[in-house]
Each structure stands twice: as structure tokens, then as C-alpha cells.
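Accompanying notes for the structure given below.
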Amino acid sequence: MAPDTVSLRYFLVLAQELNFTRAAAARIGIAQPALSARMRRLEAELGTSLLVRNTRSVVLTTAGAALAEFAPPALAALDRAWDTARSAGAGELGTLRIGYSLSTGAETAPALVDRLIRSSPGLEVGAVPMATPEISPAVADGRIDAGITRGEQPGRGVRRFLLRRQRIGVQLAQHHPLAEHPEIEIADAAAYPLRLPARTANPVIHDQLSALFRDTRPHPRFHTPAVSFDMSQRDLHDGVTLAPAGEAAVTAAPAGLTWRPLRGAPTLTIHLVLPREQSPLHRRIRTVAKTLAHELHWLPD
């Protein structure tokens with residue numbers, strides 16, 4: 001039979017005090033008769049005496065001394081097991097795999113990963129960049145636990161939670177004539193070739209950004225780099241092109257580039273993607289992400 005751990009803890013206090021009155025009133029906070037009754041039940045469960053009582057003193061029997069020696073580490077182990085189970089039930093233990101699109105890797109994904117690690121030391125968090133169209137399917141089939149993507153990415157078997165809104169602007173060379181303006185008109189930006197990622201990399205964002213310039217005349221010219229992640233961005237640095245981008249580009253802009261908002265443009269959205277059926281771990285991610293978004297004003301009113 002499993003021991004009565006409350007009575008066992010009371011016994012350990014009594015074994016230190018060797019006085020029912022002091023143990024009951026000063027250390028435990030129950031009446032002395034109630035403590036005596038618990039000790040009798042504990043002895044009955046063990047089938048042996050633990051204490052020798054008389055009117056003046058309490059003495060531990062051999063069995064009582066053995067229990068006083070070996071019970072504390074057992075109770076400490078039980079407490080650790082209890083705490084571990086609670087942490088697991090709260091989603092604070094385990095291995096968390098996050099996939100994020102490159103465009104969220106400069107600011108949003110690192111902030112969320114850092115907060116998860118700091119708030120839940122028992123979590124092992126791994127984050128890897130992924131092609132945007134692959135993230136929702138990977139969450140749905142369990143290859144990753146969560147995803148961070150730009151735009152309303154399609155996907156079955158997942159739920160999307162709005163994590164952040166960003167103004168749309170353009171990244172451009174610091175010496176570009178339009179960089180002199182605090183805001184840029186959409187029509188003025190459309191007069192230059194516009195640098196967009198290939199549509200296959202993120203159809204949702206590609207279509208949203210290109211739609212900004214649909215009604216401008218003459219029709220804008222779109223420039224798509226030959227590689228999906230062009231490290232040099234020479235055309236931007238030379239002032240030949242402008243790159244429509246969210247305001248996170250402010251913090252991630254390479255030397256020589258800057259960012260200006262487009263007047264009247266809608267916002268870009270960043271979403272947290274979780275499986276439709278969620279475990280405590282998934283709910284923990286959602287809670288931390290929601291708190292972080294509020295603290296960093298990612299979702300202004």
C-alpha cells in the first residue's frame with residue numbers, strides 16, 4: 001500500500017521535535033490530538049511502532065529512526081516526479097521543433113525562440129529555416145511542432161494564429177533619391193524595377209506585394225533574382241531596384257540599405273502555425289507567443 005505522504009511528512013517534523021505539542025502547534029498547525037491520530041494510522045499502515053510515548057517525552061523506535069533517515073530522500077524524489085509531471089502537463093518540458101520562413105528569421109522567430117527558452121528551461125528548442133510552402137504541411141504531419149510564416153498560408157490540419165502585423169514599405173539604397181522621403185508613394189516606387197522573390201518561394205506574399213502596384217501606370221517592372229536568397233543584392237545597393245518588404249527590414253537592413261514605408265499600403269501579417277489537435281506543448285507555445293506579441297506591440301490596436 002502506498003504510504004500516506006502527508007502523515008509521513010508530519011512524522012518527520014515530529015521526529016525532529018520529539019514533542020507532540022511543539023510539532024502540532026508550532027510547525028504543522030494542527031491540533032495535537034489530530035497529529036496523534038495520524039501517527040497511529042501511520043503505524044497501523046506499517047504494522048510496527050514508530051514512537052514510544054510517555055507523559056514527558058517521545059522517543060523513536062528502531063523502525064522510527066530508520067523511517068526518519070530514509071523517508072526524506074524518497075519524499076524529495078516524489079516531489080521532483082510531481083513537479084516534472086506538472087511541468088509536462090503545462091507544456092514546459094520536451095523537445096520543440098519550429099520551422100520559420102527566411103523573412104521571419106531576422107526578428108520575429110528569434111524573439112519567440114528566446115522567450116520560449118527563457119520562460120521554460122525544461123524545453124529543448126530547435127528552429128530551422130524552411131521554404132514557406134513547406135511549413136504548414138510539416139506542422140500538419142508532425143515533422144515540426146510549430147511554424148512561423150508570412151501571410152495567410154494555406155494548409156489543412158493546422159490552425160493559424162495572428163502573431164504580428166507589419167507595415168509594408170520598400171528596402172532601397174541609402175543614396176537612392178526616394179530615400180529622402182519619410183514615406184514613399186506607391187506610384188513613385190512603381191517607377192523603378194521592383195525586386196520580388198520568386199513566386200514559388202511564397203505565392204501568398206508574392207501576390208500580395210505585386211498587387212500593391214496593379215493599378216499603377218505604367219505597369220511596374222518586377223525583378224526576380226536568379227537565386228531565392230541573393231546574398232549580394234547588388235541591384236539594390238546600386239539603386240537600380242527597390243524591394244517591397246515589411247518593416248522588420250529596418251532592423252535587418254544590410255549596410256548601405258534603408259527602409260521606407262509605402263503610404264496607404266496594407267499590412268503584412270506573420271502567423272504562428274500549430275496543428276489542429278494541440279498538446280500541452282502546443283498550448284504553451286501559443287501562450288508564450290500571445291504574451292510576447294502583446295509586450296512587443298506586434299499587434300497594435
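Going by the C-alpha cells order, chains are called A, B, ..., each with residues numbered from 1, while ligands are numbered from 1 in the order shown.
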
Segment 119-215 of chain A residues near segment 263-284 of chain A within 7 Å, closest pair each, using only C-alpha atoms, as JSON lines:
```
{"residue": "A:Ser136", "atom": "CA", "partner": "A:Val273", "partner_atom": "CA", "distance": 6.7}
{"residue": "A:Val139", "atom": "CA", "partner": "A:Pro275", "partner_atom": "CA", "distance": 5.9}
{"residue": "A:Ala140", "atom": "CA", "partner": "A:Pro275", "partner_atom": "CA", "distance": 5.5}
{"residue": "A:Asp145", "atom": "CA", "partner": "A:Leu274", "partner_atom": "CA", "distance": 6.8}
{"residue": "A:Ala146", "atom": "CA", "partner": "A:Leu274", "partner_atom": "CA", "distance": 5.0}
{"residue": "A:Gly147", "atom": "CA", "partner": "A:Val273", "partner_atom": "CA", "distance": 4.8}
{"residue": "A:Ile148", "atom": "CA", "partner": "A:Leu272", "partner_atom": "CA", "distance": 4.8}
{"residue": "A:Thr149", "atom": "CA", "partner": "A:His271", "partner_atom": "CA", "distance": 5.4}
{"residue": "A:Arg150", "atom": "CA", "partner": "A:Ile270", "partner_atom": "CA", "distance": 4.3}
{"residue": "A:Gly151", "atom": "CA", "partner": "A:Thr269", "partner_atom": "CA", "distance": 5.1}
{"residue": "A:Gly157", "atom": "CA", "partner": "A:Arg276", "partner_atom": "CA", "distance": 5.4}
{"residue": "A:Val158", "atom": "CA", "partner": "A:Pro275", "partner_atom": "CA", "distance": 4.3}
{"residue": "A:Arg159", "atom": "CA", "partner": "A:Arg276", "partner_atom": "CA", "distance": 5.3}
{"residue": "A:Arg160", "atom": "CA", "partner": "A:Val273", "partner_atom": "CA", "distance": 4.7}
{"residue": "A:Phe161", "atom": "CA", "partner": "A:Leu272", "partner_atom": "CA", "distance": 5.1}
{"residue": "A:Leu162", "atom": "CA", "partner": "A:His271", "partner_atom": "CA", "distance": 4.6}
{"residue": "A:Leu163", "atom": "CA", "partner": "A:His271", "partner_atom": "CA", "distance": 4.9}
{"residue": "A:Arg164", "atom": "CA", "partner": "A:Ile270", "partner_atom": "CA", "distance": 5.0}
{"residue": "A:Arg165", "atom": "CA", "partner": "A:Thr269", "partner_atom": "CA", "distance": 4.6}
{"residue": "A:Gln166", "atom": "CA", "partner": "A:Leu268", "partner_atom": "CA", "distance": 5.1}
{"residue": "A:Arg167", "atom": "CA", "partner": "A:Thr267", "partner_atom": "CA", "distance": 4.7}
{"residue": "A:Ile168", "atom": "CA", "partner": "A:Thr267", "partner_atom": "CA", "distance": 5.7}
{"residue": "A:Glu183", "atom": "CA", "partner": "A:Arg263", "partner_atom": "CA", "distance": 5.9}
{"residue": "A:Ile184", "atom": "CA", "partner": "A:Arg263", "partner_atom": "CA", "distance": 5.9}
{"residue": "A:Glu185", "atom": "CA", "partner": "A:Arg263", "partner_atom": "CA", "distance": 5.4}
{"residue": "A:Ile186", "atom": "CA", "partner": "A:Arg263", "partner_atom": "CA", "distance": 6.7}
```

Restricted to C-alpha atoms, what would the selected residues look like written as a CSV table (one decimal), in the first residue's frame?
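Once written, again_10.csv looks like this:
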```csv
chain,number,residue,atom,x,y,z
A,136,SER,CA,2.1,24.2,-42.9
A,139,VAL,CA,3.2,21.1,-39.0
A,140,ALA,CA,0.2,19.1,-40.0
A,145,ASP,CA,5.7,21.3,-33.9
A,146,ALA,CA,5.1,24.9,-34.9
A,147,GLY,CA,5.8,27.2,-37.8
A,148,ILE,CA,6.2,30.9,-38.3
A,149,THR,CA,5.1,32.2,-41.7
A,150,ARG,CA,4.3,35.5,-43.5
A,151,GLY,CA,0.8,35.8,-44.9
A,157,GLY,CA,-4.8,20.1,-40.4
A,158,VAL,CA,-3.4,23.3,-38.9
A,159,ARG,CA,-4.6,26.4,-37.1
A,160,ARG,CA,-3.1,29.8,-37.7
A,161,PHE,CA,-2.8,32.5,-35.1
A,162,LEU,CA,-2.0,36.1,-36.0
A,163,LEU,CA,1.3,36.9,-34.4
A,164,ARG,CA,2.3,40.2,-35.9
A,165,ARG,CA,1.3,42.9,-38.3
A,166,GLN,CA,3.9,45.0,-40.2
A,167,ARG,CA,3.7,48.0,-42.4
A,168,ILE,CA,4.7,47.4,-46.0
A,183,GLU,CA,7.1,57.9,-46.8
A,184,ILE,CA,7.0,56.9,-50.4
A,185,GLU,CA,4.0,57.0,-52.7
A,186,ILE,CA,3.2,53.6,-54.3
```

Can you list, as a JSON list (two decimals) with N, CA, C and O atoms, in the first residue's frame, every protein, DNA or RNA residue that comes within 7 Å of segment 122-128 of chain A when you count only C-alpha atoms, leaving out same-chain residues fewer than 2 positions away?
```json
[["chain", "number", "residue", "atom", "x", "y", "z"],
["A", 92, "GLU", "N", 5.85, 22.58, -20.47],
["A", 92, "GLU", "CA", 7.13, 23.21, -20.15],
["A", 92, "GLU", "C", 8.30, 22.25, -20.25],
["A", 92, "GLU", "O", 9.43, 22.62, -19.95],
["A", 93, "LEU", "N", 8.05, 21.03, -20.70],
["A", 93, "LEU", "CA", 9.09, 20.03, -20.88],
["A", 93, "LEU", "C", 8.96, 19.43, -22.27],
["A", 93, "LEU", "O", 7.87, 19.36, -22.84],
["A", 94, "GLY", "N", 10.09, 18.96, -22.81],
["A", 94, "GLY", "CA", 10.04, 18.28, -24.08],
["A", 94, "GLY", "C", 10.94, 18.94, -25.11],
["A", 94, "GLY", "O", 11.71, 19.85, -24.82],
["A", 95, "THR", "N", 10.83, 18.46, -26.32],
["A", 95, "THR", "CA", 11.61, 18.99, -27.44],
["A", 95, "THR", "C", 10.66, 19.68, -28.40],
["A", 95, "THR", "O", 9.65, 19.11, -28.83],
["A", 96, "LEU", "N", 10.98, 20.91, -28.73],
["A", 96, "LEU", "CA", 10.13, 21.73, -29.59],
["A", 96, "LEU", "C", 10.86, 22.04, -30.88],
["A", 96, "LEU", "O", 11.96, 22.58, -30.87],
["A", 97, "ARG", "N", 10.23, 21.69, -32.00],
["A", 97, "ARG", "CA", 10.82, 21.94, -33.32],
["A", 97, "ARG", "C", 10.00, 23.02, -34.02],
["A", 97, "ARG", "O", 8.80, 22.84, -34.25],
["A", 98, "ILE", "N", 10.66, 24.11, -34.38],
["A", 98, "ILE", "CA", 10.00, 25.24, -35.03],
["A", 98, "ILE", "C", 10.60, 25.45, -36.41],
["A", 98, "ILE", "O", 11.82, 25.50, -36.57],
["A", 99, "GLY", "N", 9.75, 25.56, -37.41],
["A", 99, "GLY", "CA", 10.18, 25.92, -38.75],
["A", 99, "GLY", "C", 9.74, 27.35, -39.04],
["A", 99, "GLY", "O", 8.63, 27.74, -38.70],
["A", 100, "TYR", "N", 10.62, 28.13, -39.64],
["A", 100, "TYR", "CA", 10.28, 29.52, -39.91],
["A", 100, "TYR", "C", 10.72, 29.91, -41.31],
["A", 100, "TYR", "O", 11.71, 29.39, -41.83],
["A", 117, "ILE", "N", 12.71, 29.68, -24.51],
["A", 117, "ILE", "CA", 13.83, 29.12, -23.75],
["A", 117, "ILE", "C", 13.90, 29.75, -22.36],
["A", 117, "ILE", "O", 14.10, 29.06, -21.36],
["A", 120, "SER", "N", 10.77, 28.64, -20.17],
["A", 120, "SER", "CA", 10.61, 27.21, -19.92],
["A", 120, "SER", "C", 11.96, 26.52, -20.04],
["A", 120, "SER", "O", 12.29, 25.96, -21.10],
["A", 130, "MET", "N", 12.85, 27.22, -43.33],
["A", 130, "MET", "CA", 12.20, 26.33, -44.29],
["A", 130, "MET", "C", 11.57, 27.16, -45.39],
["A", 130, "MET", "O", 11.25, 28.35, -45.19]]
```

When you look at Thr5 of chain A with a cut-off of 10 Å (counting only C-alpha atoms), what residues show up, excluding the ones that are within fewer than 3 positions of it in the same chain? I need them as a VMD selection string. chain A and resid 2 8 to 11 42 71 75 78

Taking 3 positions as the minimum chain separation for residues in the same chain, which residues sit within 8 Å of Ala179 of chain A when counting only C-alpha atoms? Answer as a VMD selection string. chain A and resid 172 to 176 182 258 to 260

Take the residues that were just selected and, keeping N, CA and C atoms, output them as a PDB file, in the first residue's frame.
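again10.pdb written:
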```pdb
ATOM      1  N   LEU A 172      15.669  49.999 -49.915  1.00  0.00           N
ATOM      2  CA  LEU A 172      16.343  50.695 -51.015  1.00  0.00           C
ATOM      3  C   LEU A 172      17.698  51.205 -50.550  1.00  0.00           C
ATOM      4  N   ALA A 173      18.529  51.574 -51.514  1.00  0.00           N
ATOM      5  CA  ALA A 173      19.850  52.093 -51.192  1.00  0.00           C
ATOM      6  C   ALA A 173      19.727  53.422 -50.454  1.00  0.00           C
ATOM      7  N   GLN A 174      20.621  53.651 -49.517  1.00  0.00           N
ATOM      8  CA  GLN A 174      20.579  54.900 -48.752  1.00  0.00           C
ATOM      9  C   GLN A 174      20.781  56.124 -49.635  1.00  0.00           C
ATOM     10  N   HIS A 175      21.460  55.957 -50.756  1.00  0.00           N
ATOM     11  CA  HIS A 175      21.698  57.090 -51.654  1.00  0.00           C
ATOM     12  C   HIS A 175      20.612  57.241 -52.711  1.00  0.00           C
ATOM     13  N   HIS A 176      19.601  56.373 -52.671  1.00  0.00           N
ATOM     14  CA  HIS A 176      18.523  56.451 -53.664  1.00  0.00           C
ATOM     15  C   HIS A 176      17.732  57.743 -53.462  1.00  0.00           C
ATOM     16  N   PRO A 182      10.237  60.495 -45.907  1.00  0.00           N
ATOM     17  CA  PRO A 182       9.861  59.630 -44.780  1.00  0.00           C
ATOM     18  C   PRO A 182       8.849  58.568 -45.180  1.00  0.00           C
ATOM     19  N   THR A 258      18.367  50.992 -46.582  1.00  0.00           N
ATOM     20  CA  THR A 258      17.431  51.509 -45.601  1.00  0.00           C
ATOM     21  C   THR A 258      16.033  51.075 -45.992  1.00  0.00           C
ATOM     22  N   TRP A 259      15.037  51.484 -45.214  1.00  0.00           N
ATOM     23  CA  TRP A 259      13.649  51.081 -45.468  1.00  0.00           C
ATOM     24  C   TRP A 259      12.746  52.281 -45.273  1.00  0.00           C
ATOM     25  N   ARG A 260      11.766  52.425 -46.166  1.00  0.00           N
ATOM     26  CA  ARG A 260      10.766  53.479 -46.059  1.00  0.00           C
ATOM     27  C   ARG A 260       9.377  52.877 -46.261  1.00  0.00           C
TER      28      ARG A 260
END
```

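Among the candidates A:Ala289, A:Ala15, A:Met39, A:Ala81, the residue lying nearest to Leu67 of chain A is A:Ala15 (atoms considered: only C-alpha atoms).
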
Can you measure atom CA of Leu35 of chain A to atom CA of Ser7 of chain A for me? One decimal in Å is fine.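 So the answer is 8.4 Å.
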
Using atom CA of Leu194 of chain A and atom CA of Gly155 of chain A as the two end points, give the distance in Å to one decimal.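 Taking atom CA of Leu194 of chain A and atom CA of Gly155 of chain A, their separation equals 28.7 Å.
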
Residues at most 12 Å from Arg41 of chain A, counting only C-alpha atoms, excluding those fewer than 2 positions away in the same chain, as a ChimeraX atom specification? /A:3-8,11,34-39,43-50

With N, CA, C and O atoms kept, could you save the residues just selected as a compact mmCIF listing (two decimals), in the first residue's frame?
```
# COMPACT_ATOMS: atom_id res chain seq x y z
N PRO A 3 2.22 4.78 0.98
CA PRO A 3 2.13 5.47 2.28
C PRO A 3 1.33 6.76 2.17
O PRO A 3 1.23 7.36 1.10
N ASP A 4 0.77 7.17 3.29
CA ASP A 4 0.11 8.47 3.40
C ASP A 4 1.21 9.51 3.52
O ASP A 4 1.82 9.68 4.57
N THR A 5 1.50 10.21 2.40
CA THR A 5 2.66 11.10 2.40
C THR A 5 2.46 12.30 3.32
O THR A 5 3.44 12.83 3.85
N VAL A 6 1.23 12.73 3.55
CA VAL A 6 1.01 13.84 4.47
C VAL A 6 1.39 13.41 5.88
O VAL A 6 2.13 14.12 6.60
N SER A 7 0.92 12.25 6.28
CA SER A 7 1.26 11.76 7.62
C SER A 7 2.76 11.51 7.73
O SER A 7 3.36 11.73 8.79
N LEU A 8 3.37 11.05 6.64
CA LEU A 8 4.81 10.80 6.65
C LEU A 8 5.58 12.11 6.87
O LEU A 8 6.55 12.16 7.62
N PHE A 11 5.25 13.05 10.40
CA PHE A 11 6.13 12.21 11.23
C PHE A 11 7.55 12.77 11.24
O PHE A 11 8.21 12.79 12.30
N ALA A 34 -5.14 15.54 16.67
CA ALA A 34 -5.18 15.16 15.26
C ALA A 34 -3.84 14.60 14.82
O ALA A 34 -3.77 13.63 14.05
N LEU A 35 -2.75 15.18 15.34
CA LEU A 35 -1.42 14.65 15.00
C LEU A 35 -1.24 13.26 15.59
O LEU A 35 -0.71 12.35 14.93
N SER A 36 -1.70 13.06 16.81
CA SER A 36 -1.59 11.73 17.43
C SER A 36 -2.37 10.69 16.63
O SER A 36 -1.89 9.57 16.42
N ALA A 37 -3.55 11.08 16.15
CA ALA A 37 -4.36 10.13 15.37
C ALA A 37 -3.66 9.76 14.07
O ALA A 37 -3.68 8.60 13.64
N ARG A 38 -3.05 10.75 13.41
CA ARG A 38 -2.32 10.46 12.16
C ARG A 38 -1.14 9.51 12.41
O ARG A 38 -0.86 8.63 11.61
N MET A 39 -0.43 9.70 13.52
CA MET A 39 0.70 8.82 13.81
C MET A 39 0.24 7.38 14.08
O MET A 39 0.90 6.42 13.66
N GLU A 43 1.41 4.14 11.87
CA GLU A 43 1.95 2.93 12.47
C GLU A 43 1.12 1.71 12.08
O GLU A 43 1.68 0.62 11.83
N ALA A 44 -0.19 1.89 11.99
CA ALA A 44 -1.05 0.77 11.58
C ALA A 44 -0.75 0.36 10.14
O ALA A 44 -0.74 -0.83 9.80
N GLU A 45 -0.51 1.36 9.25
CA GLU A 45 -0.19 1.03 7.86
C GLU A 45 1.12 0.26 7.76
O GLU A 45 1.26 -0.67 6.96
N LEU A 46 2.12 0.66 8.59
CA LEU A 46 3.41 -0.01 8.55
C LEU A 46 3.41 -1.32 9.32
O LEU A 46 4.25 -2.19 9.09
N GLY A 47 2.49 -1.46 10.25
CA GLY A 47 2.44 -2.67 11.08
C GLY A 47 3.52 -2.72 12.12
O GLY A 47 3.92 -3.82 12.57
N THR A 48 4.00 -1.55 12.55
CA THR A 48 5.03 -1.50 13.58
C THR A 48 4.97 -0.16 14.29
O THR A 48 4.44 0.82 13.74
N SER A 49 5.52 -0.11 15.50
CA SER A 49 5.56 1.13 16.25
C SER A 49 6.70 2.01 15.75
O SER A 49 7.80 1.52 15.44
N LEU A 50 6.45 3.28 15.69
CA LEU A 50 7.47 4.26 15.28
C LEU A 50 7.93 5.12 16.45
O LEU A 50 9.05 5.66 16.42
```

Enumerate the residues of segment 43-191 of chain A with a DSSP assignment of helix (DSSP H, G or I), computed from the backbone, and present them as JSON, numbers by chain. {"A": [43, 44, 45, 46, 62, 63, 64, 65, 66, 67, 68, 69, 70, 71, 72, 73, 74, 75, 76, 77, 78, 79, 80, 81, 82, 83, 84, 85, 86, 87, 88, 89, 102, 103, 104, 108, 109, 110, 111, 112, 113, 114, 115, 116, 117, 118, 119, 132, 133, 134, 135, 136, 137, 138, 139, 140, 177, 178, 179, 180, 186, 187, 188, 189]}

Enumerate the residues of segment 3-233 of chain A with a DSSP assignment of strand (DSSP E), computed from the backbone, and present them as JSON, numbers by chain. {"A": [51, 52, 53, 58, 59, 60, 94, 95, 96, 97, 98, 99, 100, 123, 124, 125, 126, 127, 128, 129, 146, 147, 148, 149, 150, 158, 159, 160, 161, 162, 163, 164, 165, 166, 167, 168, 169, 170, 171, 172, 173, 194, 195, 222, 223]}

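Checking A:Ser119, A:His223, A:Thr21, A:Leu257 one by one against Thr287 of chain A, counting only C-alpha atoms, you find the shortest gap at A:Ser119.
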
Separation of atom CA of Pro133 of chain A from atom CA of Gly105 of chain A, in Å and rounded to one decimal: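 A separation of 15.6 Å between them.
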
Rank nothing, just name the residue among A:Pro244, A:Pro137, A:Pro203, A:Pro300 nearest to Leu262 of chain A, using only C-alpha atoms.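 Looking at the shortest contact to Leu262 of chain A, the residue is A:Pro244.
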
Contacts of Pro177 of chain A within 12 Å, only C-alpha atoms, excl. fewer than 6 positions in-chain, as a compact mmCIF listing (two decimals) with N, CA, C and O atoms, in the first residue's frame:
```
# COMPACT_ATOMS: atom_id res chain seq x y z
N ILE A 184 6.90 56.91 -48.96
CA ILE A 184 7.01 56.89 -50.42
C ILE A 184 5.64 56.55 -51.00
O ILE A 184 4.95 55.64 -50.51
N ASP A 188 5.25 56.26 -57.01
CA ASP A 188 6.66 56.64 -57.15
C ASP A 188 7.57 55.42 -57.07
O ASP A 188 8.56 55.31 -57.81
N ALA A 189 7.24 54.51 -56.17
CA ALA A 189 8.04 53.28 -56.08
C ALA A 189 7.93 52.45 -57.34
O ALA A 189 8.89 51.83 -57.80
N TYR A 192 10.31 52.37 -60.51
CA TYR A 192 11.58 51.65 -60.53
C TYR A 192 11.31 50.15 -60.60
O TYR A 192 10.24 49.68 -60.17
N ASP A 238 23.08 49.21 -55.70
CA ASP A 238 23.39 50.16 -56.77
C ASP A 238 22.25 51.14 -57.03
O ASP A 238 22.39 52.04 -57.87
N GLY A 239 21.11 50.97 -56.37
CA GLY A 239 19.98 51.86 -56.57
C GLY A 239 19.19 51.56 -57.81
O GLY A 239 18.36 52.38 -58.24
N VAL A 240 19.41 50.38 -58.39
CA VAL A 240 18.69 50.01 -59.62
C VAL A 240 17.28 49.56 -59.31
O VAL A 240 16.33 49.85 -60.06
N THR A 241 17.10 48.84 -58.21
CA THR A 241 15.78 48.30 -57.86
C THR A 241 15.37 48.74 -56.46
O THR A 241 16.18 49.22 -55.67
N LEU A 242 14.07 48.56 -56.17
CA LEU A 242 13.52 48.68 -54.83
C LEU A 242 12.94 47.31 -54.45
O LEU A 242 12.46 46.58 -55.32
N ARG A 260 11.77 52.42 -46.17
CA ARG A 260 10.77 53.48 -46.06
C ARG A 260 9.38 52.88 -46.26
O ARG A 260 9.18 52.03 -47.13
```

Which neighbours of Val52 of chain A fall inside 12 Å, counting only C-alpha atoms, when residues of the same chain fewer than 6 positions from it are skipped, and could you give them as a PyMOL selection string? chain A and resi 15+18-20+39-40+43+58-65

Atoms kept (N, CA and C atoms) for selection, written as an mmCIF file, in the first residue's frame:
```
data_model
loop_
_atom_site.group_PDB
_atom_site.id
_atom_site.type_symbol
_atom_site.label_atom_id
_atom_site.label_comp_id
_atom_site.auth_asym_id
_atom_site.auth_seq_id
_atom_site.Cartn_x
_atom_site.Cartn_y
_atom_site.Cartn_z
ATOM 1 N N ALA A 15 9.686 13.745 14.391
ATOM 2 C CA ALA A 15 10.973 13.101 14.662
ATOM 3 C C ALA A 15 12.043 14.139 14.978
ATOM 4 N N LEU A 18 10.440 15.772 18.606
ATOM 5 C CA LEU A 18 10.245 14.799 19.692
ATOM 6 C C LEU A 18 9.315 15.359 20.772
ATOM 7 N N ASN A 19 8.295 16.089 20.313
ATOM 8 C CA ASN A 19 7.309 16.682 21.221
ATOM 9 C C ASN A 19 6.044 16.950 20.415
ATOM 10 N N PHE A 20 4.956 16.283 20.787
ATOM 11 C CA PHE A 20 3.711 16.400 20.023
ATOM 12 C C PHE A 20 3.190 17.825 20.013
ATOM 13 N N MET A 39 -0.428 9.697 13.522
ATOM 14 C CA MET A 39 0.704 8.820 13.813
ATOM 15 C C MET A 39 0.238 7.384 14.081
ATOM 16 N N ARG A 40 -0.903 7.247 14.741
ATOM 17 C CA ARG A 40 -1.421 5.895 14.975
ATOM 18 C C ARG A 40 -1.799 5.222 13.663
ATOM 19 N N GLU A 43 1.414 4.145 11.866
ATOM 20 C CA GLU A 43 1.955 2.928 12.471
ATOM 21 C C GLU A 43 1.125 1.708 12.080
ATOM 22 N N VAL A 58 8.968 11.846 23.829
ATOM 23 C CA VAL A 58 8.717 10.973 22.682
ATOM 24 C C VAL A 58 10.071 10.452 22.226
ATOM 25 N N VAL A 59 10.170 9.144 22.026
ATOM 26 C CA VAL A 59 11.423 8.524 21.585
ATOM 27 C C VAL A 59 11.136 7.699 20.340
ATOM 28 N N LEU A 60 12.031 7.769 19.372
ATOM 29 C CA LEU A 60 11.873 6.976 18.153
ATOM 30 C C LEU A 60 12.262 5.535 18.406
ATOM 31 N N THR A 61 11.463 4.616 17.898
ATOM 32 C CA THR A 61 11.851 3.215 17.905
ATOM 33 C C THR A 61 12.894 2.981 16.812
ATOM 34 N N THR A 62 13.392 1.755 16.735
ATOM 35 C CA THR A 62 14.354 1.434 15.674
ATOM 36 C C THR A 62 13.708 1.651 14.303
ATOM 37 N N ALA A 63 12.452 1.220 14.170
ATOM 38 C CA ALA A 63 11.734 1.425 12.907
ATOM 39 C C ALA A 63 11.518 2.913 12.642
ATOM 40 N N GLY A 64 11.208 3.676 13.699
ATOM 41 C CA GLY A 64 11.014 5.111 13.535
ATOM 42 C C GLY A 64 12.282 5.814 13.104
ATOM 43 N N ALA A 65 13.428 5.428 13.679
ATOM 44 C CA ALA A 65 14.702 6.031 13.293
ATOM 45 C C ALA A 65 15.030 5.704 11.840
#
```
